[in-house]
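Engineer: After the structure tokens below, expect a handful of questions from me.
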Amino acid sequence: MKVLHLTANQFIRPMSNGRNRPLLLGCEDAAGKQFEIVVKLRGREMSVSMQLAELVTAQFADDLGLDVPQAAVVELPLGFEAVMPQPEAAAAAQASPGLNFGSLHLGTGFTTWPPGRAPHGHQRDQAAAIFAFDALVQNPDRKAANPNLWARSDRLGVYDHEQAFSFLSIPIIGGAPRPWEVDDHVAASFRFLESHIFYAALRGAAFSLDEFEERLGSLTDNQLEGYGQSVPEDWRADNDLCEKIADYLREARQERSKFLNFIRYLLR
């Protein structure tokens, strides 16, 4: 995935959902090409480490073959809030000058995945890959009430990953759990997956994770290190999260067979 580097130049509207109240902004690249971007401004619900996680996870998802909106780093110019009519959105923009995470707006032709719908046919393999992906990045935020999923024809796509890899930035006694080191303690750490949007639908169902395993195994060190290299220096200045993510994913690549056996065990 090529990360877009853009400057916001137009306020379009607030998005209708999302706890961090993202904004739909018109943005342009260095050549003057225009894009519509969903931007998540820094704030109480979107820390710098969350923006970092969003940017890295989008690229990782793309390399695993998941459909994910193209990621962007968006410069919000000083004074941009002056073009925003809503006071709350303007205040958020005023507090978040500089670089913010964004993603390409999907536009029309897609639907949000409704709670209670079960994937069918080829969708089951995609759903299983999404479930495995969320287990690997330890994302607890794809639930029935908040699926963060979109569908176009028979394709499923994902978005919203600010909680991914949070276990690497929060001190955990005994270290962060690995989903390939399975024991009772580790299994208990992954109980959040029982609330996953696809958990019930996939249990006992036929699906294949062969492509997921192949893609995970084929990731190169350059790719894994490249995720961190795409992160703005300001976001990396006071943490080593990029290095921790790269180390974790190298370990996941090595232990992919054990990891996927754990996923199959959970969905047995």
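Every chain in the structure tokens takes a letter, A first, then B, and so on in the order presented; its residues are numbered from 1, and the ligands are numbered from 1 following the presented order.
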Pull the strand (DSSP E) assignments for stretch 143-266 of chain A out of DSSP run on the backbone, and list those residues as an NGL selection string.
Structural biologist: :A and (149-152 or 155-158)
Engineer: If you count only C-alpha atoms, which residues fall within 8 Å of A:Thr57, apart from same-chain ones fewer than 6 positions away, as a PyMOL selection string?
Structural biologist: chain A and resi 137+161+164
Engineer: Using only C-alpha atoms for the distances, tell me which of A:Phe262, A:Trp235, A:Phe35, A:Phe198 is nearest to A:Gln126.
Structural biologist: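 Closest candidate: A:Phe198.
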Engineer: A:Thr220: which residues within 12 Å, counting only C-alpha atoms, same-chain residues fewer than 3 positions away excluded, as a ChimeraX atom specification?
Structural biologist: /A:60,63,215-217,223-227,246,249-250,253-254
Engineer: Need the shell around A:Phe80: protein/DNA/RNA residues with any atom at most 10 Å away, counting only C-alpha atoms. Skip same-chain ones fewer than 5 positions apart. Format as a count of residues only?
Structural biologist: 9
Engineer: Got a sec to tell me which of stretch 28-243 of chain A DSSP assigns to alpha helix (DSSP H), as a ChimeraX atom specification?
Structural biologist: /A:48-63,87-94,123-137,184-189,199-202,210-218,221-229,233-236,241-243
Engineer: Of the residues A:Ala129, A:Ile197, A:Ala72, A:Ala187, which is the one nearest to A:Glu211, using only C-alpha atoms?
Structural biologist: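 Nearest to A:Glu211: A:Ala129.
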Engineer: Nearest to A:Leu266 among A:Ile245, A:Asp62, A:Arg191, A:Ser208, with distances taken over only C-alpha atoms: which residue is it?
Structural biologist: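 Among the listed residues, A:Arg191 lies closest to A:Leu266.
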Engineer: Which is closer to A:Leu202 than all the others in A:Lys33, A:Val3, A:Arg268, A:Asp134, using only C-alpha atoms?
Structural biologist: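 Looking at the shortest contact to A:Leu202, the residue is A:Arg268.
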Engineer: Using only C-alpha atoms, which of the listed residues (A:Asp210, A:Leu66, A:Val38, A:Gly102) sits closest to A:Ser257?
Structural biologist: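 So, comparing all the options, the nearest one is A:Asp210.
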Engineer: Could you check the closest approach to A:Thr112 for each of A:Gly157, A:Val231, A:Leu99, A:Ala135 and tell me which residue wins, using only C-alpha atoms?
Structural biologist: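 Using only C-alpha atoms, the shortest distance to A:Thr112 belongs to A:Gly157.
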Engineer: I want to know what sits within 7 Å of A:Ala71, based on only C-alpha atoms, with residues of the same chain fewer than 5 positions away left out; could you give that as an mmCIF file with N, CA and C atoms, in the first residue's frame?
Structural biologist:
```cif
data_model
loop_
_atom_site.group_PDB
_atom_site.id
_atom_site.type_symbol
_atom_site.label_atom_id
_atom_site.label_comp_id
_atom_site.auth_asym_id
_atom_site.auth_seq_id
_atom_site.Cartn_x
_atom_site.Cartn_y
_atom_site.Cartn_z
ATOM 1 N N VAL A 3 1.187 4.897 1.049
ATOM 2 C CA VAL A 3 0.564 5.829 1.979
ATOM 3 C C VAL A 3 0.501 7.209 1.328
ATOM 4 N N LEU A 4 -0.685 7.791 1.326
ATOM 5 C CA LEU A 4 -0.865 9.122 0.761
ATOM 6 C C LEU A 4 -0.349 10.177 1.733
ATOM 7 N N LEU A 55 -2.002 3.582 11.071
ATOM 8 C CA LEU A 55 -1.191 3.655 9.853
ATOM 9 C C LEU A 55 -0.470 2.338 9.586
ATOM 10 N N ALA A 58 -3.113 -0.627 8.736
ATOM 11 C CA ALA A 58 -3.680 -0.553 7.383
ATOM 12 C C ALA A 58 -2.735 -1.194 6.370
ATOM 13 N N GLY A 102 -5.498 9.537 8.304
ATOM 14 C CA GLY A 102 -6.709 9.535 7.495
ATOM 15 C C GLY A 102 -6.753 8.313 6.602
ATOM 16 N N SER A 103 -7.904 8.090 6.009
ATOM 17 C CA SER A 103 -8.047 6.994 5.050
ATOM 18 C C SER A 103 -8.974 7.437 3.928
ATOM 19 N N LEU A 104 -8.744 6.896 2.764
ATOM 20 C CA LEU A 104 -9.514 7.275 1.587
ATOM 21 C C LEU A 104 -10.988 6.952 1.794
#
```
Engineer: Measure the distance from atom CA of A:Glu88 to atom CA of A:Arg13 in Å and round it to one decimal.
Structural biologist: 12.0 Å
Engineer: Mind checking which residues fall within 12 Å of A:Arg21, counting only C-alpha atoms, ignoring those fewer than 3 positions away in the same chain, and posting them as number ranges by chain?
Structural biologist: A: 13-18, 24, 38-46, 88-90, 92-93, 160
Engineer: Grab the atom CA of A:Asp234 to atom CA of A:Gly32 distance for me, in Å with one decimal place.
Structural biologist: 24.6 Å
